[in-house]
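Contents: one structure, followed by commentary.
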Amino acid sequence: MRLFTALFPPPEAVEELAAALAPLHARYPELRWVDPARWHITLRFFGETEPADQLTPFEGLAGPVLRLRDTGHFPGVLWVGVTGALEPLGTAAGAGPDWRPHLTVARSRHAKRWPRLEFTGREWTAAEVALVRSDLGRGYTVLDRVFLSTSNG
């Protein structure tokens, strides 16, 4: 199984970002826009492995306050940045030193231009870390979750 750990933004944050990106779809038809239902922030990609104790390191950790902000791109990927105290979750995940938290919103192998969007989304508190199976061409399945502590509960 192809597994990864991830944070999924709440519906309100997804809707807000989707509305901000919508005008770009027609102007950048060369991009393959990712379905907002699949938007996530990868903490660690495990590759082909069986579920084991991937969520154990997150037990008892606090859910950080996060915000989606602005866009950038890596080769082949348009992303939206994430601000907030993600370092403890990255450390717990075993993310490498080059880990750059982001949310992938579009892909292209041949894009010669990438949109820039100045965007500052609403704040939200990460409530859980999910263990997710990725089935190429079919989507994602959440296999398990661990809840993060929050200031109100």
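As shown in the structure tokens, the chain order sets the letters A, B, ...; within each chain, residues go from 1, and ligands are also counted from 1 in the order they appear.
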
*Excluding same-chain residues fewer than 2 positions from range 17-29 of chain A, what lies within 9 Å of it counting only C-alpha atoms, as number ranges by chain?*
A: 12-15, 31-33, 36, 68, 105, 111, 113-115, 117, 119-121

*Write out as a PyMOL selection string all residues of chain A that backbone DSSP assigns to helix (DSSP H, G or I).*
chain A and resi 11-27+36-38+56-58+87-93

Closest-contact table, range 38-114 of chain A side, partner range 145-149 of chain A, 12 Å, counting only C-alpha atoms, as a tab-separated table:
residue	atom	partner	partner_atom	distance
A:Pro51	CA	A:Arg145	CA	12.0
A:Asp53	CA	A:Val146	CA	11.1
A:Gln54	CA	A:Val146	CA	10.0
A:Leu55	CA	A:Val146	CA	6.4
A:Thr56	CA	A:Val146	CA	8.0
A:Pro57	CA	A:Val146	CA	9.7
A:Phe58	CA	A:Val146	CA	7.0
A:Glu59	CA	A:Val146	CA	6.6
A:Gly60	CA	A:Leu148	CA	6.4
A:Leu61	CA	A:Leu148	CA	5.6
A:Ala62	CA	A:Ser149	CA	4.5
A:Gly63	CA	A:Leu148	CA	5.0
A:Pro64	CA	A:Leu148	CA	8.7
A:Val65	CA	A:Leu148	CA	11.5
A:Pro88	CA	A:Leu148	CA	11.7
A:Leu89	CA	A:Leu148	CA	10.1

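When CA of Asp35 in chain A is paired with CA of Thr125 in chain A, their separation reads 22.1 Å.
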
*asked:* Please return, as a VMD selection string, all residues of range 41-128 of chain A that DSSP assigns to strand (DSSP E) on the basis of the backbone.
replied: chain A and resid 41 to 48 65 to 74 77 to 84 102 to 107 124 to 125 128

Could those residues be written to a file, using N, CA, C and O atoms, as a tab-separated table (two decimals), in the first residue's frame?
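After the write, again_17.tsv holds the following:
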chain	number	residue	atom	x	y	z
A	41	ILE	N	-2.18	18.40	3.43
A	41	ILE	CA	-0.80	18.76	3.72
A	41	ILE	C	-0.10	17.48	4.14
A	41	ILE	O	-0.42	16.90	5.18
A	42	THR	N	0.81	17.00	3.30
A	42	THR	CA	1.52	15.76	3.61
A	42	THR	C	2.53	16.01	4.71
A	42	THR	O	3.35	16.93	4.62
A	43	LEU	N	2.48	15.20	5.75
A	43	LEU	CA	3.48	15.26	6.81
A	43	LEU	C	4.65	14.34	6.47
A	43	LEU	O	5.81	14.69	6.68
A	44	ARG	N	4.31	13.14	5.95
A	44	ARG	CA	5.36	12.21	5.53
A	44	ARG	C	4.77	11.20	4.56
A	44	ARG	O	3.69	10.67	4.79
A	45	PHE	N	5.51	10.94	3.49
A	45	PHE	CA	5.13	9.91	2.53
A	45	PHE	C	5.96	8.68	2.85
A	45	PHE	O	7.18	8.75	2.92
A	46	PHE	N	5.28	7.54	3.05
A	46	PHE	CA	5.98	6.30	3.40
A	46	PHE	C	6.25	5.41	2.20
A	46	PHE	O	7.06	4.50	2.28
A	47	GLY	N	5.54	5.62	1.12
A	47	GLY	CA	5.68	4.75	-0.04
A	47	GLY	C	4.95	3.44	0.18
A	47	GLY	O	3.97	3.37	0.93
A	48	GLU	N	5.44	2.41	-0.47
A	48	GLU	CA	4.81	1.09	-0.39
A	48	GLU	C	5.17	0.44	0.94
A	48	GLU	O	6.31	0.06	1.17
A	65	VAL	N	-2.28	26.04	15.09
A	65	VAL	CA	-3.13	26.97	14.37
A	65	VAL	C	-2.44	27.23	13.04
A	65	VAL	O	-1.27	27.61	13.00
A	66	LEU	N	-3.18	27.02	11.95
A	66	LEU	CA	-2.61	27.10	10.61
A	66	LEU	C	-3.38	28.09	9.75
A	66	LEU	O	-4.50	28.46	10.07
A	67	ARG	N	-2.76	28.45	8.66
A	67	ARG	CA	-3.38	29.35	7.70
A	67	ARG	C	-2.80	29.03	6.33
A	67	ARG	O	-1.60	28.85	6.20
A	68	LEU	N	-3.66	28.94	5.32
A	68	LEU	CA	-3.21	28.77	3.94
A	68	LEU	C	-2.87	30.14	3.40
A	68	LEU	O	-3.61	31.11	3.64
A	69	ARG	N	-1.73	30.22	2.69
A	69	ARG	CA	-1.28	31.54	2.28
A	69	ARG	C	-0.44	31.50	1.00
A	69	ARG	O	0.50	30.73	0.91
A	70	ASP	N	-0.83	32.33	0.05
A	70	ASP	CA	-0.07	32.58	-1.18
A	70	ASP	C	0.17	31.30	-1.98
A	70	ASP	O	-0.23	30.21	-1.59
A	71	THR	N	0.80	31.46	-3.14
A	71	THR	CA	1.10	30.33	-4.00
A	71	THR	C	2.58	30.34	-4.36
A	71	THR	O	3.27	31.35	-4.22
A	72	GLY	N	3.03	29.21	-4.81
A	72	GLY	CA	4.38	29.05	-5.31
A	72	GLY	C	4.39	27.81	-6.18
A	72	GLY	O	3.35	27.16	-6.37
A	73	HIS	N	5.54	27.45	-6.71
A	73	HIS	CA	5.58	26.22	-7.49
A	73	HIS	C	6.93	25.53	-7.38
A	73	HIS	O	7.97	26.15	-7.16
A	74	PHE	N	6.84	24.22	-7.44
A	74	PHE	CA	7.97	23.33	-7.59
A	74	PHE	C	7.90	22.84	-9.03
A	74	PHE	O	6.86	23.04	-9.68
A	77	VAL	N	4.41	21.37	-10.08
A	77	VAL	CA	3.40	21.48	-9.03
A	77	VAL	C	3.15	22.95	-8.66
A	77	VAL	O	4.09	23.69	-8.39
A	78	LEU	N	1.88	23.34	-8.66
A	78	LEU	CA	1.46	24.62	-8.10
A	78	LEU	C	0.96	24.34	-6.70
A	78	LEU	O	0.14	23.44	-6.49
A	79	TRP	N	1.47	25.08	-5.72
A	79	TRP	CA	1.10	24.83	-4.33
A	79	TRP	C	0.66	26.11	-3.64
A	79	TRP	O	0.96	27.21	-4.07
A	80	VAL	N	-0.05	25.90	-2.53
A	80	VAL	CA	-0.41	26.98	-1.61
A	80	VAL	C	0.36	26.71	-0.33
A	80	VAL	O	0.41	25.56	0.15
A	81	GLY	N	0.97	27.75	0.21
A	81	GLY	CA	1.77	27.60	1.41
A	81	GLY	C	0.92	27.44	2.66
A	81	GLY	O	-0.28	27.73	2.67
A	82	VAL	N	1.56	26.99	3.71
A	82	VAL	CA	0.90	26.80	5.00
A	82	VAL	C	1.76	27.49	6.05
A	82	VAL	O	2.96	27.22	6.14
A	83	THR	N	1.14	28.38	6.82
A	83	THR	CA	1.87	29.03	7.90
A	83	THR	C	1.32	28.52	9.23
A	83	THR	O	0.16	28.14	9.33
A	84	GLY	N	2.17	28.53	10.22
A	84	GLY	CA	1.79	28.05	11.54
A	84	GLY	C	2.90	27.16	12.09
A	84	GLY	O	3.88	26.86	11.40
A	102	HIS	N	3.01	22.26	2.36
A	102	HIS	CA	2.25	22.92	1.31
A	102	HIS	C	1.03	22.08	0.97
A	102	HIS	O	0.92	20.92	1.36
A	103	LEU	N	0.16	22.67	0.20
A	103	LEU	CA	-1.04	22.01	-0.28
A	103	LEU	C	-0.99	22.09	-1.81
A	103	LEU	O	-0.94	23.19	-2.37
A	104	THR	N	-0.93	20.96	-2.50
A	104	THR	CA	-0.85	20.93	-3.95
A	104	THR	C	-2.23	21.23	-4.54
A	104	THR	O	-3.20	20.55	-4.20
A	105	VAL	N	-2.30	22.23	-5.42
A	105	VAL	CA	-3.59	22.60	-6.02
A	105	VAL	C	-3.64	22.35	-7.52
A	105	VAL	O	-4.73	22.29	-8.10
A	106	ALA	N	-2.49	22.20	-8.19
A	106	ALA	CA	-2.49	21.91	-9.63
A	106	ALA	C	-1.17	21.26	-10.00
A	106	ALA	O	-0.16	21.42	-9.30
A	107	ARG	N	-1.19	20.57	-11.14
A	107	ARG	CA	0.01	19.91	-11.66
A	107	ARG	C	0.12	20.15	-13.16
A	107	ARG	O	-0.89	20.35	-13.83
A	124	TRP	N	-7.20	28.20	11.17
A	124	TRP	CA	-7.89	27.00	11.61
A	124	TRP	C	-6.92	26.16	12.42
A	124	TRP	O	-5.70	26.28	12.28
A	125	THR	N	-7.46	25.37	13.30
A	125	THR	CA	-6.64	24.52	14.15
A	125	THR	C	-6.70	23.09	13.64
A	125	THR	O	-7.79	22.53	13.46
A	128	GLU	N	-6.59	16.73	13.71
A	128	GLU	CA	-6.20	15.33	13.62
A	128	GLU	C	-5.16	15.13	12.54
A	128	GLU	O	-5.02	15.94	11.62

_Point-to-point distance in Å for CA of Pro101 in chain A and CA of Leu3 in chain A_ = 17.2 Å

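We find CA of Pro10 in chain A and CA of Ala126 in chain A to be spaced 8.4 Å apart.
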
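Checking A:Leu136, A:Ala85, A:Ala93, A:Met1 one by one against Glu50 in chain A, counting only C-alpha atoms, you find the shortest gap at A:Met1.
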